[in-house]
$ cat model-v6.csv   # CSV, C-alpha atoms
chain,number,residue,atom,x,y,z
Y,1,MET,CA,20.3,-23.4,4.3
Y,2,ARG,CA,21.0,-22.4,0.7
Y,3,ALA,CA,18.4,-19.6,0.9
Y,4,ARG,CA,20.1,-18.2,4.0
Y,5,VAL,CA,23.5,-18.2,2.3
Y,6,ALA,CA,22.0,-16.5,-0.8
Y,7,ALA,CA,20.2,-13.9,1.5
Y,8,ARG,CA,23.5,-13.1,3.3
Y,9,TRP,CA,25.3,-12.8,-0.1
Y,10,ILE,CA,22.7,-10.4,-1.4
Y,11,ALA,CA,22.8,-8.4,1.8
Y,12,THR,CA,26.6,-8.2,1.7
Y,13,LEU,CA,26.5,-7.0,-1.9
Y,14,CYS,CA,23.9,-4.4,-1.1
Y,15,ALA,CA,25.9,-3.1,1.8
Y,16,ALA,CA,29.1,-3.0,-0.2
Y,17,HIS,CA,27.3,-1.0,-2.9
Y,18,VAL,CA,26.0,1.5,-0.5
Y,19,PHE,CA,29.3,1.8,1.3
Y,20,ALA,CA,31.2,2.1,-2.0
Y,21,GLY,CA,29.0,5.0,-3.0
Y,22,HIS,CA,30.1,6.9,0.2
Y,23,VAL,CA,33.8,6.0,-0.1
Y,24,PHE,CA,34.2,7.3,-3.7
Y,25,ALA,CA,32.1,10.4,-3.4
Y,26,ALA,CA,34.6,13.1,-2.7
Y,27,GLU,CA,33.6,16.1,-0.5
Y,28,PHE,CA,35.1,19.5,-1.4
Y,29,ARG,CA,35.2,22.8,0.5
Y,30,ALA,CA,36.4,26.2,-0.6
Y,31,VAL,CA,38.5,28.7,1.4
Y,32,THR,CA,36.3,31.5,2.5
Y,33,GLU,CA,38.9,33.7,4.1
Y,34,GLU,CA,41.2,36.0,2.1
Y,35,ALA,CA,43.9,33.4,2.7
Y,36,ALA,CA,44.2,30.2,4.7
Y,37,VAL,CA,47.3,28.6,6.1
Y,38,LEU,CA,47.7,24.9,5.6
Y,39,TYR,CA,49.5,23.1,8.4
Y,40,ASP,CA,51.3,19.7,8.7
Y,41,ALA,CA,49.2,18.8,11.8
Y,42,PRO,CA,45.8,19.8,13.3
Y,43,SER,CA,47.2,22.7,15.4
Y,44,ALA,CA,48.0,26.4,14.8
Y,45,GLN,CA,51.4,25.6,16.6
Y,46,SER,CA,52.4,23.0,14.0
Y,47,LYS,CA,54.5,23.7,10.9
Y,48,LYS,CA,53.0,26.0,8.3
Y,49,LEU,CA,53.2,24.4,4.9
Y,50,PHE,CA,51.8,27.1,2.6
Y,51,VAL,CA,49.0,29.6,2.1
Y,52,VAL,CA,46.0,29.3,-0.3
Y,53,ASN,CA,43.8,32.1,-1.5
Y,54,GLN,CA,40.1,32.6,-1.1
Y,55,GLY,CA,38.1,30.2,-3.2
Y,56,TYR,CA,40.8,27.6,-3.4
Y,57,PRO,CA,39.0,24.1,-3.5
Y,58,LEU,CA,40.2,21.5,-1.0
Y,59,GLU,CA,39.1,17.9,-0.8
Y,60,VAL,CA,38.0,16.8,2.6
Y,61,ILE,CA,39.8,13.7,3.9
Y,62,VAL,CA,38.8,13.7,7.6
Y,63,VAL,CA,37.3,16.2,10.1
Y,64,VAL,CA,38.8,16.2,13.6
Y,65,GLU,CA,37.8,18.6,16.4
Y,66,GLY,CA,37.7,21.8,14.4
Y,67,TRP,CA,40.4,20.9,11.9
Y,68,ILE,CA,40.1,19.3,8.5
Y,69,LYS,CA,42.7,17.1,6.8
Y,70,VAL,CA,42.6,18.1,3.2
Y,71,ARG,CA,44.1,17.2,-0.2
Y,72,ASP,CA,45.1,20.1,-2.5
Y,73,ALA,CA,45.0,20.2,-6.3
Y,74,ASN,CA,48.6,18.9,-6.4
Y,75,GLY,CA,47.7,15.9,-4.2
Y,76,GLY,CA,49.4,17.2,-1.1
Y,77,LEU,CA,47.9,16.4,2.3
Y,78,SER,CA,47.7,19.0,5.0
Y,79,TRP,CA,45.4,20.4,7.7
Y,80,VAL,CA,43.3,23.6,7.7
Y,81,ASP,CA,41.2,25.3,10.5
Y,82,ALA,CA,37.6,24.3,9.7
Y,83,LYS,CA,36.4,27.9,10.2
Y,84,GLN,CA,38.4,29.0,7.1
Y,85,VAL,CA,36.5,26.8,4.7
Y,86,SER,CA,32.9,26.2,3.7
Y,87,ALA,CA,30.9,23.6,1.8
Y,88,LYS,CA,28.4,26.3,0.8
Y,89,LEU,CA,30.9,28.0,-1.5
Y,90,ARG,CA,31.7,25.5,-4.3
Y,91,THR,CA,34.6,26.3,-6.6
Y,92,VAL,CA,36.8,24.5,-9.1
Y,93,MET,CA,40.3,25.2,-10.3
Y,94,VAL,CA,41.6,24.8,-13.9
Y,95,LYS,CA,44.1,22.0,-14.0
Y,96,THR,CA,44.9,22.0,-17.7
Y,97,PRO,CA,47.1,24.7,-19.3
Y,98,LEU,CA,43.9,26.3,-20.8
Y,99,ALA,CA,40.3,25.4,-20.2
Y,100,GLN,CA,37.6,26.3,-22.8
Y,101,VAL,CA,34.4,27.6,-21.2
Y,102,ARG,CA,31.5,27.2,-23.7
Y,103,GLN,CA,28.1,28.7,-24.1
Y,104,ALA,CA,26.4,25.3,-23.7
Y,105,ALA,CA,27.4,21.9,-22.4
Y,106,ASP,CA,28.5,20.8,-25.8
Y,107,ASP,CA,32.0,20.6,-27.4
Y,108,ASN,CA,30.6,22.3,-30.5
Y,109,ALA,CA,29.1,25.3,-28.6
Y,110,SER,CA,30.8,28.6,-29.1
Y,111,MET,CA,33.5,29.5,-26.6
Y,112,VAL,CA,32.6,32.2,-24.0
Y,113,PHE,CA,36.1,32.5,-22.6
Y,114,GLN,CA,39.3,30.6,-21.9
Y,115,ALA,CA,40.7,30.2,-18.4
Y,116,GLN,CA,44.4,29.6,-17.7
Y,117,GLN,CA,45.7,26.9,-15.3
Y,118,ASN,CA,45.1,27.6,-11.6
Y,119,VAL,CA,42.2,30.0,-12.2
Y,120,VAL,CA,39.5,29.5,-9.7
Y,121,MET,CA,35.8,29.7,-10.8
Y,122,GLU,CA,32.6,29.3,-8.8
Y,123,LEU,CA,30.8,26.0,-9.5
Y,124,SER,CA,27.1,26.7,-10.2
Y,125,GLU,CA,25.9,23.2,-11.3
Y,126,VAL,CA,27.0,19.8,-12.3
Y,127,VAL,CA,25.5,18.9,-15.7
Y,128,PRO,CA,25.1,15.4,-17.0
Y,129,GLY,CA,27.6,14.3,-19.6
Y,130,GLY,CA,30.7,15.5,-17.9
Y,131,TRP,CA,30.1,19.2,-17.8
Y,132,LEU,CA,30.0,21.9,-15.1
Y,133,ARG,CA,28.3,25.3,-15.2
Y,134,VAL,CA,30.9,27.7,-13.8
Y,135,ARG,CA,31.2,31.5,-13.2
Y,136,HIS,CA,34.4,33.5,-13.5
Y,137,ARG,CA,34.9,36.2,-10.8
Y,138,ASP,CA,34.3,38.8,-13.6
Y,139,GLY,CA,30.7,37.5,-13.8
Y,140,VAL,CA,31.0,35.6,-17.1
Y,141,SER,CA,29.5,32.1,-17.0
Y,142,GLY,CA,29.5,29.1,-19.1
Y,143,PHE,CA,30.2,25.3,-19.3
Y,144,VAL,CA,33.5,23.6,-18.8
Y,145,ARG,CA,34.5,19.9,-19.1
Y,146,VAL,CA,34.9,18.3,-15.8
Y,147,THR,CA,38.2,16.8,-17.0
Y,148,GLN,CA,39.7,20.4,-17.3
Y,149,VAL,CA,39.2,21.3,-13.7
Y,150,TRP,CA,39.8,20.1,-10.1
Y,151,GLY,CA,37.4,20.3,-7.3
Y,152,VAL,CA,34.5,17.9,-8.0

$ encode --input "model-v6.csv" --output "structure tokens"
Amino acid sequence: MRARVAARWIATLCAAHVFAGHVFAAEFRAVTEEAAVLYDAPSAQSKKLFVVNQGYPLEVIVVVEGWIKVRDANGGLSWVDAKQVSAKLRTVMVKTPLAQVRQAADDNASMVFQAQQNVVMELSEVVPGGWLRVRHRDGVSGFVRVTQVWGV
């Protein structure tokens, strides 16, 4: 009897661990069109809330019949036509007043450039230690702290 209870307890913990990994892993997509309209409901006839530019990262909340409920960088929830975003294009947006992009994934590495708040950069790689390899639209690349951007 005791062995059965222990086995159930272990199975429950394992399932919770696997499930928790999926719950907390955010999925992001980037706008692929020149601009995308965000709506208050999953329909082109619903109220238009605002427009976001190409590359803007959006967090996926739920996908429903060709529409995606998303969270924007300000925390707002809205809906976007699934055809206007892609998981293949990965971008991040600077959320601090000024992000330092460095030559290496090290706070002591020389600075390649600085990016102002709301600048969108292409995400090339997630690097251990809280760093991201990014590329500016001008072609310059480097490493930025994950805490300075939104979209991962």

$ atom_distance --input "model-v6.csv" --atom1 "CA of Val134 in chain Y" --atom2 "CA of Ser78 in chain Y"
26.7 Å

$ atom_distance --input "model-v6.csv" --atom1 "CA of Arg29 in chain Y" --atom2 "CA of Glu122 in chain Y"
11.6 Å

$ atom_distance --input "model-v6.csv" --atom1 "CA of Leu123 in chain Y" --atom2 "CA of Gly66 in chain Y"
25.2 Å

$ residues_near_point --input "model-v6.csv" --point "(35.4, 27.8, -15.2)" --cutoff "12 Å" --atoms "all atoms listed in the file" --output "number ranges by chain"
Y: 90-96, 98-103, 111-126, 131-151

$ closest_residue --input "model-v6.csv" --among "Y:Gly129, Y:Pro42, Y:Gly55, Y:Lys48" --to "Trp67 in chain Y" --atoms "only C-alpha atoms"
Y:Pro42

$ closest_residue --input "model-v6.csv" --among "Y:Ala105, Y:Ala26, Y:Leu49, Y:Val60" --to "Ser86 in chain Y" --atoms "all atoms listed in the file"
Y:Val60

$ residues_around --input "model-v6.csv" --residues "Phe50 in chain Y" --least-positions-apart "2" --cutoff "10 Å" --atoms "only C-alpha atoms" --output "list in words"
Ala36, Val37, Leu38, Tyr39, Asp40, Lys47, Lys48, Val52 and Ser78 of chain Y

$ write_last_selection --input "model-v6.csv" --atoms "C-alpha atoms" --output "PDB file, in the coordinates of the input"
ATOM      1  CA  ALA Y  36      44.200  30.200   4.700  1.00  0.00           C
ATOM      2  CA  VAL Y  37      47.300  28.600   6.100  1.00  0.00           C
ATOM      3  CA  LEU Y  38      47.700  24.900   5.600  1.00  0.00           C
ATOM      4  CA  TYR Y  39      49.500  23.100   8.400  1.00  0.00           C
ATOM      5  CA  ASP Y  40      51.300  19.700   8.700  1.00  0.00           C
ATOM      6  CA  LYS Y  47      54.500  23.700  10.900  1.00  0.00           C
ATOM      7  CA  LYS Y  48      53.000  26.000   8.300  1.00  0.00           C
ATOM      8  CA  VAL Y  52      46.000  29.300  -0.300  1.00  0.00           C
ATOM      9  CA  SER Y  78      47.700  19.000   5.000  1.00  0.00           C
TER      10      SER Y  78
END
